[in-house]
file query_37.txt (compact mmCIF, N, CA and C atoms)
# COMPACT_ATOMS: atom_id res chain seq x y z
N MET A 123 97.33 83.66 -28.46
CA MET A 123 96.18 84.47 -28.85
C MET A 123 96.46 85.93 -28.52
N SER A 124 97.04 86.59 -29.46
CA SER A 124 97.38 87.98 -29.16
C SER A 124 96.44 88.91 -29.91
N GLY A 125 95.43 89.36 -29.26
CA GLY A 125 94.54 90.41 -29.74
C GLY A 125 93.76 90.13 -31.02
N GLY A 126 94.02 89.04 -31.73
CA GLY A 126 93.32 88.77 -32.99
C GLY A 126 91.90 88.28 -32.75
N PRO A 127 91.15 88.06 -33.84
CA PRO A 127 89.78 87.55 -33.66
C PRO A 127 89.81 86.15 -33.04
N ILE A 128 88.82 85.85 -32.24
CA ILE A 128 88.77 84.56 -31.54
C ILE A 128 88.40 83.49 -32.54
N ALA A 129 89.26 82.53 -32.72
CA ALA A 129 89.00 81.44 -33.66
C ALA A 129 88.39 80.27 -32.91
N GLN A 130 87.51 79.56 -33.58
CA GLN A 130 86.91 78.39 -32.95
C GLN A 130 87.65 77.15 -33.38
N ASP A 131 87.80 76.24 -32.44
CA ASP A 131 88.48 74.98 -32.71
C ASP A 131 87.41 73.93 -32.94
N TRP A 132 87.31 73.45 -34.19
CA TRP A 132 86.23 72.51 -34.50
C TRP A 132 86.67 71.06 -34.43
N GLU A 133 87.74 70.78 -33.66
CA GLU A 133 88.18 69.39 -33.51
C GLU A 133 87.14 68.63 -32.68
N PRO A 134 86.79 67.40 -33.09
CA PRO A 134 85.80 66.66 -32.30
C PRO A 134 86.37 66.26 -30.94
N VAL A 135 85.56 66.40 -29.92
CA VAL A 135 85.94 65.97 -28.58
C VAL A 135 85.17 64.70 -28.27
N VAL A 136 85.87 63.63 -27.96
CA VAL A 136 85.21 62.35 -27.70
C VAL A 136 85.15 62.12 -26.19
N ILE A 137 83.95 61.96 -25.70
CA ILE A 137 83.78 61.67 -24.27
C ILE A 137 83.27 60.25 -24.15
N ARG A 138 84.03 59.43 -23.45
CA ARG A 138 83.62 58.03 -23.31
C ARG A 138 83.08 57.79 -21.90
N LYS A 139 82.07 56.92 -21.84
CA LYS A 139 81.56 56.52 -20.52
C LYS A 139 82.53 55.52 -19.91
N LYS A 140 82.62 55.56 -18.61
CA LYS A 140 83.44 54.56 -17.92
C LYS A 140 82.73 53.22 -18.01
N ALA A 141 83.49 52.16 -17.91
CA ALA A 141 82.90 50.83 -17.87
C ALA A 141 82.03 50.74 -16.62
N PRO A 142 80.94 49.99 -16.68
CA PRO A 142 80.05 49.93 -15.51
C PRO A 142 80.79 49.38 -14.28
N THR A 143 80.48 49.93 -13.14
CA THR A 143 81.10 49.46 -11.90
C THR A 143 80.54 48.09 -11.55
N ALA A 144 81.17 47.43 -10.60
CA ALA A 144 80.73 46.08 -10.22
C ALA A 144 79.27 46.10 -9.78
N ALA A 145 78.90 47.13 -9.01
CA ALA A 145 77.53 47.21 -8.51
C ALA A 145 76.56 47.39 -9.67
N ALA A 146 76.95 48.24 -10.66
CA ALA A 146 76.06 48.50 -11.79
C ALA A 146 75.89 47.25 -12.65
N ARG A 147 76.94 46.44 -12.73
CA ARG A 147 76.84 45.22 -13.52
C ARG A 147 75.89 44.23 -12.87
N LYS A 148 75.75 44.32 -11.55
CA LYS A 148 74.92 43.36 -10.85
C LYS A 148 73.47 43.80 -10.75
N ASP A 149 73.19 45.09 -10.98
CA ASP A 149 71.82 45.52 -10.72
C ASP A 149 70.85 44.89 -11.72
N GLU A 150 69.61 44.79 -11.31
CA GLU A 150 68.62 44.01 -12.04
C GLU A 150 68.45 44.46 -13.48
N LYS A 151 68.44 45.78 -13.71
CA LYS A 151 68.26 46.30 -15.08
C LYS A 151 69.34 45.78 -16.00
N ALA A 152 70.60 45.88 -15.53
CA ALA A 152 71.72 45.48 -16.36
C ALA A 152 71.65 43.99 -16.67
N VAL A 153 71.31 43.20 -15.67
CA VAL A 153 71.23 41.75 -15.86
C VAL A 153 70.12 41.42 -16.86
N ASN A 154 68.96 42.04 -16.70
CA ASN A 154 67.85 41.79 -17.62
C ASN A 154 68.19 42.22 -19.04
N ALA A 155 68.86 43.37 -19.17
CA ALA A 155 69.26 43.84 -20.50
C ALA A 155 70.20 42.84 -21.14
N ALA A 156 71.12 42.31 -20.36
CA ALA A 156 72.07 41.33 -20.88
C ALA A 156 71.34 40.06 -21.29
N ARG A 157 70.34 39.67 -20.49
CA ARG A 157 69.55 38.48 -20.84
C ARG A 157 68.86 38.67 -22.19
N ARG A 158 68.25 39.87 -22.36
CA ARG A 158 67.54 40.15 -23.61
C ARG A 158 68.50 40.14 -24.80
N ALA A 159 69.71 40.63 -24.56
CA ALA A 159 70.69 40.69 -25.63
C ALA A 159 71.27 39.30 -25.91
N GLY A 160 70.94 38.35 -25.06
CA GLY A 160 71.39 36.98 -25.26
C GLY A 160 72.80 36.73 -24.74
N ALA A 161 73.29 37.65 -23.89
CA ALA A 161 74.63 37.46 -23.34
C ALA A 161 74.60 36.35 -22.29
N GLU A 162 75.78 35.81 -21.99
CA GLU A 162 75.84 34.76 -20.98
C GLU A 162 75.90 35.41 -19.61
N ILE A 163 75.12 34.89 -18.66
CA ILE A 163 75.08 35.48 -17.32
C ILE A 163 75.53 34.43 -16.33
N GLU A 164 76.49 34.82 -15.50
CA GLU A 164 77.01 33.90 -14.51
C GLU A 164 76.44 34.28 -13.15
N THR A 165 75.90 33.30 -12.44
CA THR A 165 75.41 33.60 -11.08
C THR A 165 76.29 32.85 -10.10
N VAL A 166 76.79 33.59 -9.10
CA VAL A 166 77.67 33.01 -8.10
C VAL A 166 77.03 33.24 -6.74
N ARG A 167 76.92 32.18 -5.95
CA ARG A 167 76.32 32.31 -4.61
C ARG A 167 77.45 32.49 -3.61
N LYS A 168 77.30 33.48 -2.76
CA LYS A 168 78.33 33.70 -1.74
C LYS A 168 78.27 32.56 -0.73
N ALA A 169 79.41 32.31 -0.09
CA ALA A 169 79.53 31.15 0.79
C ALA A 169 78.51 31.15 1.92
N THR A 170 78.27 32.31 2.53
CA THR A 170 77.38 32.33 3.69
C THR A 170 76.02 32.92 3.35
N ALA A 171 75.73 33.09 2.05
CA ALA A 171 74.47 33.73 1.67
C ALA A 171 73.28 32.90 2.10
N GLY A 172 72.25 33.56 2.56
CA GLY A 172 71.00 32.89 2.90
C GLY A 172 71.04 32.15 4.22
N SER A 173 72.16 32.20 4.91
CA SER A 173 72.17 31.56 6.22
C SER A 173 72.26 32.66 7.26
N ASN A 174 71.89 32.34 8.45
CA ASN A 174 71.84 33.35 9.50
C ASN A 174 73.12 33.34 10.33
N LYS A 175 74.15 32.70 9.83
CA LYS A 175 75.39 32.60 10.60
C LYS A 175 76.31 33.75 10.24
N ALA A 176 76.96 34.30 11.23
CA ALA A 176 77.95 35.34 10.98
C ALA A 176 79.17 34.70 10.35
N ALA A 177 79.88 35.46 9.55
CA ALA A 177 81.07 34.92 8.88
C ALA A 177 82.11 34.51 9.91
N SER A 178 82.09 35.13 11.08
CA SER A 178 83.12 34.87 12.08
C SER A 178 82.75 33.71 13.00
N SER A 179 81.66 33.01 12.73
CA SER A 179 81.24 31.98 13.68
C SER A 179 81.93 30.65 13.41
N SER A 180 83.14 30.70 12.85
CA SER A 180 83.87 29.46 12.65
C SER A 180 84.45 29.05 13.99
N THR A 181 84.12 27.85 14.42
CA THR A 181 84.51 27.43 15.77
C THR A 181 85.81 26.65 15.78
N SER A 182 86.25 26.19 14.61
CA SER A 182 87.41 25.28 14.56
C SER A 182 88.66 25.87 15.22
N LEU A 183 88.80 27.22 15.20
CA LEU A 183 90.00 27.83 15.76
C LEU A 183 90.18 27.52 17.24
N ASN A 184 89.12 27.76 18.02
CA ASN A 184 89.25 27.63 19.47
C ASN A 184 88.95 26.23 19.96
N THR A 185 88.43 25.38 19.11
CA THR A 185 88.03 24.05 19.56
C THR A 185 89.21 23.26 20.09
N ARG A 186 90.33 23.34 19.37
CA ARG A 186 91.51 22.58 19.80
C ARG A 186 92.01 23.08 21.16
N LYS A 187 92.04 24.41 21.30
CA LYS A 187 92.47 24.99 22.58
C LYS A 187 91.60 24.47 23.71
N LEU A 188 90.28 24.47 23.46
CA LEU A 188 89.35 24.02 24.50
C LEU A 188 89.54 22.55 24.81
N ASP A 189 89.79 21.75 23.78
CA ASP A 189 90.00 20.32 23.99
C ASP A 189 91.25 20.06 24.82
N GLU A 190 92.31 20.87 24.57
CA GLU A 190 93.56 20.68 25.30
C GLU A 190 93.45 21.20 26.73
N GLU A 191 92.52 22.10 26.97
CA GLU A 191 92.37 22.72 28.29
C GLU A 191 91.76 21.70 29.24
N THR A 192 92.50 21.39 30.32
CA THR A 192 91.99 20.36 31.23
C THR A 192 91.52 20.95 32.56
N GLU A 193 91.97 22.17 32.87
CA GLU A 193 91.58 22.77 34.15
C GLU A 193 90.08 22.98 34.19
N ASN A 194 89.54 22.95 35.39
CA ASN A 194 88.12 23.27 35.55
C ASN A 194 88.04 24.76 35.85
N LEU A 195 87.64 25.52 34.85
CA LEU A 195 87.62 26.98 35.00
C LEU A 195 86.21 27.45 35.30
N SER A 196 86.08 28.36 36.24
CA SER A 196 84.79 29.00 36.48
C SER A 196 85.08 30.46 36.79
N HIS A 197 84.13 31.34 36.45
CA HIS A 197 84.41 32.75 36.68
C HIS A 197 84.34 33.09 38.17
N GLU A 198 84.96 34.21 38.47
CA GLU A 198 85.06 34.68 39.85
C GLU A 198 83.65 34.98 40.39
N LYS A 199 83.42 34.61 41.64
CA LYS A 199 82.12 34.89 42.26
C LYS A 199 82.34 35.92 43.38
N VAL A 200 81.25 36.50 43.85
CA VAL A 200 81.34 37.48 44.94
C VAL A 200 81.71 36.73 46.23
N PRO A 201 82.81 37.12 46.90
CA PRO A 201 83.17 36.44 48.15
C PRO A 201 82.12 36.69 49.24
N SER A 202 82.01 35.74 50.17
CA SER A 202 80.93 35.84 51.17
C SER A 202 81.11 37.07 52.08
N GLU A 203 82.37 37.50 52.34
CA GLU A 203 82.55 38.70 53.19
C GLU A 203 81.92 39.91 52.49
N LEU A 204 82.10 39.98 51.17
CA LEU A 204 81.56 41.11 50.41
C LEU A 204 80.03 41.08 50.44
N LYS A 205 79.46 39.89 50.26
CA LYS A 205 77.99 39.75 50.31
C LYS A 205 77.47 40.27 51.64
N LYS A 206 78.10 39.79 52.72
CA LYS A 206 77.65 40.18 54.07
C LYS A 206 77.81 41.69 54.29
N ALA A 207 78.94 42.23 53.80
CA ALA A 207 79.21 43.65 53.99
C ALA A 207 78.17 44.50 53.25
N ILE A 208 77.80 44.07 52.04
CA ILE A 208 76.80 44.83 51.27
C ILE A 208 75.45 44.78 52.00
N MET A 209 75.06 43.57 52.41
CA MET A 209 73.77 43.42 53.11
C MET A 209 73.75 44.25 54.38
N GLN A 210 74.84 44.17 55.16
CA GLN A 210 74.93 44.89 56.43
C GLN A 210 74.83 46.39 56.19
N GLY A 211 75.61 46.89 55.24
CA GLY A 211 75.60 48.31 54.93
C GLY A 211 74.22 48.78 54.49
N ARG A 212 73.56 47.95 53.69
CA ARG A 212 72.24 48.32 53.17
C ARG A 212 71.20 48.32 54.30
N THR A 213 71.23 47.30 55.16
CA THR A 213 70.24 47.25 56.25
C THR A 213 70.50 48.34 57.28
N ASP A 214 71.78 48.69 57.49
CA ASP A 214 72.09 49.78 58.42
C ASP A 214 71.47 51.09 57.95
N LYS A 215 71.46 51.31 56.65
CA LYS A 215 70.88 52.53 56.10
C LYS A 215 69.38 52.38 55.84
N LYS A 216 68.82 51.23 56.21
CA LYS A 216 67.40 50.93 56.03
C LYS A 216 66.96 51.10 54.58
N LEU A 217 67.77 50.53 53.66
CA LEU A 217 67.45 50.60 52.24
C LEU A 217 67.00 49.23 51.74
N THR A 218 66.10 49.23 50.77
CA THR A 218 65.76 47.97 50.11
C THR A 218 66.78 47.76 49.00
N GLN A 219 66.79 46.55 48.44
CA GLN A 219 67.71 46.29 47.33
C GLN A 219 67.40 47.25 46.18
N ALA A 220 66.11 47.46 45.92
CA ALA A 220 65.70 48.34 44.82
C ALA A 220 66.16 49.78 45.05
N GLN A 221 66.02 50.25 46.31
CA GLN A 221 66.43 51.63 46.61
C GLN A 221 67.95 51.80 46.45
N LEU A 222 68.69 50.79 46.92
CA LEU A 222 70.14 50.84 46.79
C LEU A 222 70.53 50.83 45.31
N ALA A 223 69.85 50.00 44.54
CA ALA A 223 70.13 49.93 43.10
C ALA A 223 69.90 51.28 42.45
N GLN A 224 68.81 51.94 42.85
CA GLN A 224 68.48 53.24 42.28
C GLN A 224 69.56 54.27 42.66
N LEU A 225 70.03 54.19 43.90
CA LEU A 225 71.08 55.11 44.36
C LEU A 225 72.34 55.03 43.50
N ILE A 226 72.70 53.82 43.09
CA ILE A 226 73.95 53.67 42.32
C ILE A 226 73.68 53.53 40.83
N ASN A 227 72.44 53.82 40.41
CA ASN A 227 72.06 53.76 38.99
C ASN A 227 72.32 52.39 38.37
N GLU A 228 71.92 51.35 39.08
CA GLU A 228 72.02 50.00 38.53
C GLU A 228 70.66 49.34 38.67
N LYS A 229 70.48 48.16 38.03
CA LYS A 229 69.21 47.45 38.14
C LYS A 229 69.14 46.73 39.48
N PRO A 230 67.95 46.62 40.08
CA PRO A 230 67.81 45.90 41.35
C PRO A 230 68.36 44.47 41.26
N GLN A 231 68.26 43.88 40.08
CA GLN A 231 68.74 42.51 39.87
C GLN A 231 70.24 42.41 40.20
N ILE A 232 71.00 43.49 39.91
CA ILE A 232 72.44 43.46 40.16
C ILE A 232 72.71 43.37 41.66
N ILE A 233 71.95 44.13 42.45
CA ILE A 233 72.10 44.07 43.92
C ILE A 233 71.76 42.66 44.40
N GLN A 234 70.68 42.09 43.87
CA GLN A 234 70.30 40.73 44.24
C GLN A 234 71.44 39.76 43.94
N GLU A 235 72.02 39.89 42.74
CA GLU A 235 73.10 38.98 42.36
C GLU A 235 74.31 39.13 43.27
N TYR A 236 74.63 40.37 43.66
CA TYR A 236 75.78 40.58 44.55
C TYR A 236 75.49 39.97 45.93
N GLU A 237 74.28 40.19 46.44
CA GLU A 237 73.97 39.70 47.78
C GLU A 237 73.79 38.18 47.82
N SER A 238 73.42 37.59 46.68
CA SER A 238 73.28 36.13 46.67
C SER A 238 74.58 35.46 46.24
N GLY A 239 75.57 36.29 45.82
CA GLY A 239 76.87 35.75 45.45
C GLY A 239 76.93 35.22 44.03
N LYS A 240 75.92 35.51 43.21
CA LYS A 240 75.92 34.99 41.84
C LYS A 240 76.65 35.92 40.87
N ALA A 241 76.82 37.20 41.25
CA ALA A 241 77.40 38.18 40.33
C ALA A 241 78.89 37.94 40.13
N ILE A 242 79.38 38.37 38.97
CA ILE A 242 80.82 38.39 38.73
C ILE A 242 81.27 39.77 39.22
N PRO A 243 82.17 39.81 40.22
CA PRO A 243 82.54 41.10 40.82
C PRO A 243 83.03 42.10 39.79
N ASN A 244 82.48 43.31 39.84
CA ASN A 244 82.87 44.39 38.93
C ASN A 244 83.32 45.55 39.81
N GLN A 245 84.59 45.96 39.63
CA GLN A 245 85.16 46.99 40.52
C GLN A 245 84.37 48.29 40.47
N GLN A 246 83.84 48.67 39.29
CA GLN A 246 83.09 49.92 39.19
C GLN A 246 81.84 49.87 40.07
N ILE A 247 81.14 48.73 40.01
CA ILE A 247 79.90 48.61 40.80
C ILE A 247 80.25 48.58 42.29
N ILE A 248 81.33 47.87 42.63
CA ILE A 248 81.73 47.81 44.05
C ILE A 248 82.08 49.21 44.54
N THR A 249 82.74 50.01 43.70
CA THR A 249 83.06 51.39 44.08
C THR A 249 81.79 52.19 44.34
N LYS A 250 80.80 52.04 43.45
CA LYS A 250 79.53 52.76 43.63
C LYS A 250 78.86 52.33 44.93
N LEU A 251 78.89 51.02 45.21
CA LEU A 251 78.28 50.51 46.44
C LEU A 251 78.99 51.10 47.67
N GLU A 252 80.33 51.16 47.62
CA GLU A 252 81.09 51.74 48.74
C GLU A 252 80.64 53.18 48.99
N ARG A 253 80.51 53.95 47.90
CA ARG A 253 80.12 55.36 48.07
C ARG A 253 78.71 55.47 48.63
N ALA A 254 77.79 54.70 48.08
CA ALA A 254 76.38 54.81 48.47
C ALA A 254 76.17 54.36 49.92
N LEU A 255 76.90 53.31 50.34
CA LEU A 255 76.69 52.77 51.68
C LEU A 255 77.64 53.38 52.70
N GLY A 256 78.67 54.06 52.24
CA GLY A 256 79.65 54.62 53.16
C GLY A 256 80.40 53.54 53.90
N VAL A 257 80.63 52.41 53.24
CA VAL A 257 81.30 51.26 53.85
C VAL A 257 82.46 50.86 52.96
N LYS A 258 83.58 50.43 53.57
CA LYS A 258 84.69 49.94 52.75
C LYS A 258 84.45 48.47 52.45
N LEU A 259 84.35 48.15 51.15
CA LEU A 259 84.06 46.77 50.76
C LEU A 259 85.28 46.05 50.25
N ARG A 260 86.33 46.80 49.86
CA ARG A 260 87.51 46.16 49.31
C ARG A 260 88.71 46.44 50.21
N GLY A 261 89.77 45.67 49.96
CA GLY A 261 91.02 45.93 50.68
C GLY A 261 90.96 45.44 52.12
N LYS A 262 91.96 45.82 52.88
CA LYS A 262 92.07 45.36 54.28
C LYS A 262 91.01 46.04 55.14
N LYS A 263 90.43 45.27 56.02
CA LYS A 263 89.40 45.83 56.90
C LYS A 263 90.05 46.44 58.13
call {"tool": "encode", "arguments": {"input": "query_37.txt", "output": "structure tokens"}}
result
Amino acid sequence: MSGGPIAQDWEPVVIRKKAPTAAARKDEKAVNAARRAGAEIETVRKATAGSNKAASSSTSLNTRKLDEETENLSHEKVPSELKKAIMQGRTDKKLTQAQLAQLINEKPQIIQEYESGKAIPNQQIITKLERALGVKLRGKK
């Protein structure tokens, strides 16, 4: 185009719509339109549809392992020395279980579980207890 009059190109430009996406094919309008047009509509039910089970709740994988497992396993409990040390440290500072729990930002129930020996020992909580009570609860005495 060198300096001459601007010519128009009257070639037709064809713009095509993309085929509907999977989601668009499934939406109610599209399905109803297809019904009206007399097209065949296939309905497929997903395997876990309408049930409240997670897809990952298949138990068959671990069942065999559990069946073969013969040991009697139980989780670690708070040792009695630790229970006594926590109680002693708390009573020395004249704290209630609730006050101690508040000091270490935990629920009072956690202190109860540690002192009754029902808790599963958690190193972070034991560290907080050591700091709050100023007592060494782990390692050699």
call {"tool": "atom_distance", "arguments": {"input": "query_37.txt", "atom1": "atom CA of Gly160 of chain A", "atom2": "atom CA of Ala141 of chain A"}}
result
19.5 Å
call {"tool": "atom_distance", "arguments": {"input": "query_37.txt", "atom1": "atom CA of Arg260 of chain A", "atom2": "atom CA of Glu193 of chain A"}}
result
28.2 Å
call {"tool": "atom_distance", "arguments": {"input": "query_37.txt", "atom1": "atom CA of Ile226 of chain A", "atom2": "atom N of Ile248 of chain A"}}
result
9.4 Å
call {"tool": "residues_around", "arguments": {"input": "query_37.txt", "residues": "Ala241 of chain A", "least_positions_apart": "2", "cutoff": "8 Å", "atoms": "all atoms listed in the file", "output": "PyMOL selection string"}}
result
chain A and resi 197-201+232+234-239+243-244
call {"tool": "axis_aligned_box", "arguments": {"input": "query_37.txt", "around": "segment 211-229 of chain A", "padding_each_side": "8 Å", "output": "JSON"}}
result
{"center_x": 70.7, "center_y": 50.7, "center_z": 48.2, "size_x": 25.9, "size_y": 24.8, "size_z": 36.4}
call {"tool": "closest_residue", "arguments": {"input": "query_37.txt", "among": "A:Ala207, A:Ala156, A:Thr165, A:Glu133", "to": "Glu252 of chain A", "atoms": "only C-alpha atoms"}}
result
A:Ala207
call {"tool": "residues_around", "arguments": {"input": "query_37.txt", "residues": "Leu255 of chain A", "least_positions_apart": "6", "cutoff": "8 Å", "atoms": "all atoms listed in the file", "output": "PyMOL selection string"}}
result
chain A and resi 208+211-212+215+249
call {"tool": "residues_around", "arguments": {"input": "query_37.txt", "residues": "Leu222 of chain A", "least_positions_apart": "5", "cutoff": "8 Å", "atoms": "only N, CA and C atoms", "output": "mmCIF file with N, CA and C atoms, in the frame of the given file"}}
result
data_model
loop_
_atom_site.group_PDB
_atom_site.id
_atom_site.type_symbol
_atom_site.label_atom_id
_atom_site.label_comp_id
_atom_site.auth_asym_id
_atom_site.auth_seq_id
_atom_site.Cartn_x
_atom_site.Cartn_y
_atom_site.Cartn_z
ATOM 1 N N ARG A 212 73.560 47.950 53.690
ATOM 2 C CA ARG A 212 72.240 48.320 53.170
ATOM 3 C C ARG A 212 71.200 48.320 54.300
ATOM 4 N N LYS A 216 68.820 51.230 56.210
ATOM 5 C CA LYS A 216 67.400 50.930 56.030
ATOM 6 C C LYS A 216 66.960 51.100 54.580
ATOM 7 N N LEU A 217 67.770 50.530 53.660
ATOM 8 C CA LEU A 217 67.450 50.600 52.240
ATOM 9 C C LEU A 217 67.000 49.230 51.740
ATOM 10 N N ASN A 227 72.440 53.820 40.410
ATOM 11 C CA ASN A 227 72.060 53.760 38.990
ATOM 12 C C ASN A 227 72.320 52.390 38.370
ATOM 13 N N GLU A 228 71.920 51.350 39.080
ATOM 14 C CA GLU A 228 72.020 50.000 38.530
ATOM 15 C C GLU A 228 70.660 49.340 38.670
ATOM 16 N N LYS A 229 70.480 48.160 38.030
ATOM 17 C CA LYS A 229 69.210 47.450 38.140
ATOM 18 C C LYS A 229 69.140 46.730 39.480
ATOM 19 N N PRO A 230 67.950 46.620 40.080
ATOM 20 C CA PRO A 230 67.810 45.900 41.350
ATOM 21 C C PRO A 230 68.360 44.470 41.260
ATOM 22 N N ILE A 233 71.950 44.130 42.450
ATOM 23 C CA ILE A 233 72.100 44.070 43.920
ATOM 24 C C ILE A 233 71.760 42.660 44.400
ATOM 25 N N LEU A 251 78.890 51.020 45.210
ATOM 26 C CA LEU A 251 78.280 50.510 46.440
ATOM 27 C C LEU A 251 78.990 51.100 47.670
ATOM 28 N N ALA A 254 77.790 54.700 48.080
ATOM 29 C CA ALA A 254 76.380 54.810 48.470
ATOM 30 C C ALA A 254 76.170 54.360 49.920
#
